[in-house]
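Structure first, then comments.
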Amino acid sequence: MAMAAAPALKHWRTTLERVEKFVSPLYFTDCNLRGRLFGDSCPVAALSSFLTPERLPYQEAVQQDFRPAQVGDSFGPTWWTCWFRVELTIPEAWVGQEVHLRWESDGEGLVWRDGEPVQGLTKEGEKTSYVLTDRLGEGDPRSMTLYVEVACNGLLGAGKGTMIAAPDPEKMFQVSRAELAVFHQDVHKLLVDLELLLGMAKGLGEDNQRSFQALYTANQIVNVCDPAQPETFPVAQALASKFFGQRGGESQHTIHAMGHCHIDTAWLWPFKETVRKCARSWVTAVQLMEQNPEFIFVCSQAQQLEWVKSHYPGLHAQLQEFACRGQFVPVGGTWVEMDGNLPSGEAMVRQFLQGQNFFLQEFGKMCSEFWLPDTFGYSAQLPQIMRSCGIRHFLTQKLSWNLVNSFPVLKTVTKNQDKGRTNHSAFLFGFGDGGGGPTQTMVDRLKRLRNTDGLPRVQLSSPGQLFSALESDSGQLCTWVGELFLELHNGTYTTHAQIKKGNRECERILHDVELLSSLALARSAHFLYPAAQLQDLWRLLLLNQFHDVVTGSCIQLVAEEAMCHYEDIRSHGNTLLSAAAAALCAGEPGPKGLLIVNTLPWKRTEVLALPRPGGAHSLALVTVPSMGYAPAPAPTSLQPLLPQQPVFVVQETDGSVTLDNGIIRVRLDPTGCLTSLVLVASGREAIAEGTVGNQFVLFDDVPLYWDAWDVMDYHLETRKPVLGQAGTLAVGTEGGVRGSAWFLLQISANSRLSQEVVLDVGCPYVRFHTEVHWHEAHKFLKVEFPARVRSPQATYEVQFGHLQRPTHYNTSWDWARFEVWAHRWMDLSEHGFGLALLNDSKYGASVRGSVLSLSLLRAPKAPDATADMGRHEFTYALMPHEGSFQDAGVIRAAYSVNFPLLALPTPGPAPAAAWSAFSVSSPAVVLETVKQAETSPQGRTLVLRLYEAHGSHVDCWLHTSLPVQEAVLCDLLERRDPAGHLPLRDARLKLTFSPFQVRSLLLVLQPPPN
């Protein structure tokens, strides 16, 4: 039915609304265009269902007892699965027409046909129909049986109320539509045309000539088109074709459009549901690739592809086929899209090592671009790591979320900060997180806009084509030096402290297992390096480093799964440690011994609690060489003549306690606050005059939007010191090799803290062993140390190095860093003196003025209402020092806090002499990793990874006592450098480093003696 002509186009809003009503399902459904998208319909022949709490494979599910069901029935609850058997018969009268199964349900669905997944169904992803046939033939079968697997969760989990609310465990679901219908492709095409014309009119605005032309064309289409008379459609389509056929000039910007479906590996749903989200989304992408040969779909995260390979082998084979055609493009190069702040440098390397090797094995090539669209910051070390892992390009969009400062990245043509420098940008399209990615409608729209006057050119493209185009202009592009700091989500440095602790501990365990296993491999002819077990454990750890898991911005179910993963790593890792220690100590039979192992690349003399018969422990001062071992001292020699001054502990009559080991002197007031910290040799005081350190402080913590993610700057205005009660401080260990004092602190009516302050003989730092029982809501607990130091910059450890951040708020860029991240240490130094704060499991930090602050615990309530509730244990340490933190040994001290000496029982007598495998001549160079090479003939090749930690150019010697046959430099993927041969001189290798450079080398070992 044609409508009357509209008034002149000067009545902009009237005309716009007229066209909108013509395509909207909300108005005139009997005579508008969208109301005619589907024609005749009929119900399915029969519908039956089966409900299960498990995620069953197809072959098992279809064998279950299906019972009659009907549209409108409820099923659930949350996280269950309802399988529907759909029996249908297409009416004979529909021969020659396109027929769809229309299906709408609250949960995410997957259509199975002939035993294979064929289509994802999600209302939020605009995928509510499955094409049964694009043209029903005379002899085609009209009866068939399909299965629809419906997850009892929506696209974004099953929250109640807001998007990030905790899941509602009792939520129920419904199927609201299950029918067959004729689909009118000609109506669809006209709708695409009209929606694009409307979008152009709105986007270009009333003052733009091309905008008026778009609206005028849309109005003409409405005039000539009668939805009830398809014979009017060709005239309308011709009008649209004429408009879109008008070409732009040669200077038009080119948008490289790539199909994409970002799927969070876990977030508001558990890991196992992500497996099905991948299947639902990628099988839909396969359909689009089949129907549109020019359509390219990009997909990151090797873990997700590995899941599909295991659970949906047929789909995986299809993806491999389309990868060969160039339509399915694996990107990213990492195991998962990890957080860019919290994983260690070595863990970041393993993300690429595991990811790139998987892509090479399954798809025949590695990725050349790092794909990290949604993470909470980007370490300054990422460019070096990427380059050495075969990555040349990087893509993200998260920096557009910056709360304060806009960041110069390519986003859209209008917001492109590189106007004039490049004429190309990326456009990723598709519904994410299980929404099925792109739709046919999206592809059709983009095809229309290939080259239309008034708009940028649109090219269905690939990452390779985009970056090739950008590289041609690379000399003109802007650059950025240092970290890419996201000015949002800085609560993720602290949320879910147990996950953070598990991450740090498991990084340490895997480091230690690899080192001891490598040494056992070199020393024993019979030891088999546990490569397969270690790969499994590393992949578990890497999985947990996904950017919504290690950050704590996930639901309780995911956090519980993560903690189980950490427990698996601890359990299996300790078993592997024992096996390696046993191999190192294999010898003549005799009584069981105890081996003291140092997994760090420098000699250490420390106090260690040694296990003794009957379950007791005794303190001993032990010395262990670099990356080696020493026998445990005999029980009779536990209190030898100390080479340094012993620790003295004195409690004054006022209740205060002084601990003194001749290096530092610590004074605690009767409540446990630190009133003095003195370097004995110089008499220099580290605590600011008139203040106290070790001051626990509570803040209100109510973000604007993202509870588990954000800490807002205004929380600083709510600072409330937690005041202790005099008389709670008591002496613990009375001195000698160790002295300590302990106290209790009531944080609130619901939360309490106990702490032991420990000083060891010869140790340059004081440790604070802390236990907290935390039961708060929207509170933030920190500990502060006001320093007698003044500097405009503080230094924080990051992956394979450190960087400086301001201690002031001079600019908006400075102010936005009111809460930052660090790894094992931060330091505030002026010329000649400084104060370092070390930790064993924390990441949130700040230095404001002269106050060092370590973030300890948060209490967000969404998406996990239980986040951080319960008992916590952690240690931090305070180290005053003369000179620079580099020369004072702060970096080594922080490693020692995080990598304690190991006391490992042996099946027979421990070796009688100490032994060292590796040492490095320069304190600026850290030997971070020793492991077996990934592809090592007979397993006789080791990989060593070293980095320069001070920020200097340095030459050093690496000494080894292992039987090395050949040494050669390699990249982080362990590929040999053809020009990287290193001569071995007197069991030493010479290495040269630039500031913060990471270097890897391969050591080929000689066969061990039988």
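Every chain in the structure tokens has a letter given in the order shown (A, B, ...), and although residue numbers restart at 1 in each chain, ligands are simply numbered from 1 in the order shown.
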
Got a sec to tell me which of range 81-263 of chain A DSSP assigns to helix (DSSP H, G or I), as a short mmCIF file (atom, residue, chain, number, x, y, z; two decimals) with C-alpha atoms, in the first residue's frame?
data_model
loop_
_atom_site.label_atom_id
_atom_site.label_comp_id
_atom_site.auth_asym_id
_atom_site.auth_seq_id
_atom_site.Cartn_x
_atom_site.Cartn_y
_atom_site.Cartn_z
CA GLU A 92 3.55 -28.81 0.34
CA ALA A 93 2.16 -25.41 -0.68
CA TRP A 94 5.50 -23.81 0.29
CA GLN A 185 14.11 -12.39 0.91
CA ASP A 186 12.97 -9.44 -1.22
CA VAL A 187 11.45 -7.75 1.86
CA HIS A 188 14.68 -8.34 3.74
CA LYS A 189 16.72 -6.65 1.02
CA LEU A 190 14.46 -3.61 1.01
CA LEU A 191 14.63 -3.38 4.78
CA VAL A 192 18.42 -3.37 4.61
CA ASP A 193 18.28 -0.54 2.06
CA LEU A 194 15.85 1.56 4.06
CA GLU A 195 17.66 1.06 7.36
CA LEU A 196 20.92 2.14 5.78
CA LEU A 197 19.33 5.21 4.25
CA LEU A 198 17.84 6.11 7.61
CA GLY A 199 21.17 5.56 9.32
CA MET A 200 22.92 7.84 6.86
CA ALA A 201 20.29 10.53 7.26
CA LYS A 202 20.61 10.48 11.03
CA GLY A 203 24.36 10.09 11.12
CA LEU A 204 25.21 12.83 8.65
CA GLN A 209 23.53 17.51 1.49
CA ARG A 210 24.10 13.77 1.21
CA SER A 211 21.93 13.26 4.29
CA PHE A 212 19.02 14.98 2.55
CA GLN A 213 19.57 12.81 -0.51
CA ALA A 214 19.44 9.66 1.63
CA LEU A 215 16.22 10.74 3.32
CA TYR A 216 14.70 11.81 0.00
CA THR A 217 15.50 8.40 -1.52
CA ALA A 218 13.99 6.62 1.50
CA ASN A 219 10.86 8.74 1.19
CA GLN A 220 10.58 7.88 -2.52
CA ILE A 221 10.85 4.18 -1.68
CA VAL A 222 8.00 4.50 0.79
CA ASN A 223 5.94 6.22 -1.92
CA VAL A 224 6.40 3.52 -4.55
CA PRO A 230 5.79 -7.58 -4.17
CA GLU A 231 5.62 -6.45 -7.80
CA THR A 232 6.32 -2.91 -6.51
CA PHE A 233 9.61 -3.96 -4.94
CA PRO A 234 11.84 -3.83 -8.05
CA VAL A 235 11.13 -0.12 -8.52
CA ALA A 236 11.97 0.54 -4.86
CA GLN A 237 15.14 -1.54 -5.11
CA ALA A 238 16.20 0.36 -8.21
CA LEU A 239 15.94 3.65 -6.29
CA ALA A 240 18.16 2.26 -3.54
CA SER A 241 20.67 0.82 -6.02
CA LYS A 242 20.94 4.15 -7.78
CA PHE A 243 21.69 5.92 -4.51
CA PHE A 244 24.24 3.40 -3.25
#

Item to complete: For Phe370 in chain A, work out the shell of residues within 7 Å, counting only C-alpha atoms and skipping chain neighbours fewer than 4 positions away, then give it as number ranges by chain.
Response: A: 331-333, 391, 393-395

Selected residues, N, CA and C atoms, written as an mmCIF file, in the first residue's frame, please.
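Heads up, here's the output in selection-v1.cif:
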data_model
loop_
_atom_site.group_PDB
_atom_site.id
_atom_site.type_symbol
_atom_site.label_atom_id
_atom_site.label_comp_id
_atom_site.auth_asym_id
_atom_site.auth_seq_id
_atom_site.Cartn_x
_atom_site.Cartn_y
_atom_site.Cartn_z
ATOM 1 N N VAL A 331 43.528 -15.267 15.200
ATOM 2 C CA VAL A 331 44.324 -14.081 15.529
ATOM 3 C C VAL A 331 44.710 -14.126 17.006
ATOM 4 N N GLY A 332 45.619 -13.270 17.378
ATOM 5 C CA GLY A 332 45.952 -13.068 18.781
ATOM 6 C C GLY A 332 47.241 -13.723 19.214
ATOM 7 N N GLY A 333 47.407 -14.996 18.870
ATOM 8 C CA GLY A 333 48.640 -15.682 19.214
ATOM 9 C C GLY A 333 48.745 -16.141 20.651
ATOM 10 N N ILE A 391 54.950 -11.568 16.696
ATOM 11 C CA ILE A 391 53.842 -10.629 16.566
ATOM 12 C C ILE A 391 54.356 -9.288 16.067
ATOM 13 N N HIS A 393 51.879 -6.762 14.972
ATOM 14 C CA HIS A 393 50.809 -5.776 15.058
ATOM 15 C C HIS A 393 49.979 -6.005 16.322
ATOM 16 N N PHE A 394 49.252 -4.972 16.704
ATOM 17 C CA PHE A 394 48.488 -5.026 17.955
ATOM 18 C C PHE A 394 47.165 -4.303 17.757
ATOM 19 N N LEU A 395 46.085 -4.902 18.273
ATOM 20 C CA LEU A 395 44.761 -4.291 18.173
ATOM 21 C C LEU A 395 44.085 -4.316 19.533
#

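Excluding Glu652 in chain A itself and any same-chain residue fewer than 6 positions from it, the protein and nucleic acid residues within 10 Å of it, counting only C-alpha atoms, are Thr658, Asp669 and Pro670 of chain A.
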
Those residues you just picked out, can you put them in a file as a PDB file, in the first residue's frame with C-alpha atoms?
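Saved file again-v1.pdb follows:
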ATOM      1  CA  THR A 658      62.107  -2.897  69.420  1.00  0.00           C
ATOM      2  CA  ASP A 669      54.135   1.192  69.461  1.00  0.00           C
ATOM      3  CA  PRO A 670      51.835  -0.726  71.853  1.00  0.00           C
TER       4      PRO A 670
END

Fill in: Near-Gly693 in chain A list (7 Å; only C-alpha atoms; drop same-chain fewer than 6 positions) as a ChimeraX atom specification
/A:673-675,687,784-786

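Between CA of Glu337 in chain A and CA of Leu543 in chain A the interatomic distance comes to 9.0 Å.
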
Item to complete: Might you pull out every residue within 9 Å of range 857-874 of chain A, with only C-alpha atoms counted and same-chain residues fewer than 3 positions away left off, and present them as JSON, numbers by chain?
Response: {"A": [159, 163, 164, 165, 166, 167, 267, 268, 491, 494, 495, 496, 497, 498, 501, 552, 553, 554, 555, 556, 557, 559, 701, 702, 706, 707, 708, 709, 768, 769, 770, 771, 772, 773, 774, 775, 776, 777, 778, 779, 780, 781, 782, 839, 840, 841, 842]}

Write the selection just made, keeping C-alpha atoms, as a CSV table (one decimal), in the first residue's frame?
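The file below, out-v3.csv, is the result:
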chain,number,residue,atom,x,y,z
A,159,GLY,CA,21.7,-12.0,36.7
A,163,MET,CA,23.8,-6.7,33.9
A,164,ILE,CA,26.5,-7.4,36.5
A,165,ALA,CA,24.3,-8.7,39.2
A,166,ALA,CA,25.1,-12.0,40.8
A,167,PRO,CA,23.2,-14.9,39.1
A,267,TRP,CA,32.8,-14.0,33.2
A,268,LEU,CA,29.1,-14.0,34.1
A,491,GLY,CA,39.8,-2.1,41.4
A,494,THR,CA,42.8,-6.0,44.3
A,495,THR,CA,39.4,-7.7,43.9
A,496,HIS,CA,39.3,-11.4,44.8
A,497,ALA,CA,42.6,-11.5,46.8
A,498,GLN,CA,42.6,-15.3,46.9
A,501,LYS,CA,47.4,-15.1,45.7
A,552,GLY,CA,38.3,-11.0,40.1
A,553,SER,CA,35.6,-9.5,37.9
A,554,CYS,CA,33.7,-12.8,37.6
A,555,ILE,CA,30.8,-14.6,39.3
A,556,GLN,CA,31.3,-16.8,42.3
A,557,LEU,CA,31.1,-20.0,40.3
A,559,ALA,CA,36.1,-17.9,41.2
A,701,ASP,CA,34.4,2.0,48.1
A,702,VAL,CA,31.2,2.6,46.1
A,706,TRP,CA,31.3,-1.4,37.7
A,707,ASP,CA,31.4,-2.7,41.2
A,708,ALA,CA,34.1,-5.4,41.1
A,709,TRP,CA,36.1,-3.4,38.5
A,768,PHE,CA,54.7,-8.4,58.2
A,769,HIS,CA,52.9,-11.8,58.2
A,770,THR,CA,49.2,-10.9,58.2
A,771,GLU,CA,46.0,-12.8,58.7
A,772,VAL,CA,42.6,-11.0,58.1
A,773,HIS,CA,39.1,-12.2,58.7
A,774,TRP,CA,37.2,-9.9,56.4
A,775,HIS,CA,33.4,-9.4,56.4
A,776,GLU,CA,32.6,-6.0,54.9
A,777,ALA,CA,30.5,-4.4,52.2
A,778,HIS,CA,31.9,-1.8,49.8
A,779,LYS,CA,35.0,-1.1,51.9
A,780,PHE,CA,38.6,-0.9,50.9
A,781,LEU,CA,41.5,-1.9,53.2
A,782,LYS,CA,45.0,-0.5,52.6
A,839,ASN,CA,54.8,-8.1,48.9
A,840,ASP,CA,54.0,-11.8,48.2
A,841,SER,CA,50.6,-11.6,46.6
A,842,LYS,CA,49.3,-8.1,46.1

Fill in: Contacts of Glu273 in chain A within 9 Å, only C-alpha atoms, excl. fewer than 6 positions in-chain, as a ChimeraX atom specification
/A:55,79,151,266

Practice prompt. Please provide the set of residues having any atom within 9 Å of Pro43 in chain A, restricted to only C-alpha atoms, with same-chain residues fewer than 2 positions apart removed, written as a PyMOL selection string.
Written response: chain A and resi 41+45-46+88+178-181

Practice prompt. Return as a PyMOL selection string the full set of residues in range 543-767 of chain A whose backbone-based DSSP assignment is strand (DSSP E or B).
Written response: chain A and resi 546+593-598+604-611+617-624+628-631+647-651+657-660+664-668+674-679+684-685+687+693+695-700+720-721+730-736+738-746+752-760+766-767

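Remark: for Ala912 in chain A, the closest of the candidate residues A:Ala562, A:Ala979, A:Ala686, A:Ala632 is A:Ala632 (distances computed over only C-alpha atoms).
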
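CA of Gly430 in chain A is found 25.3 Å from CA of Thr81 in chain A.
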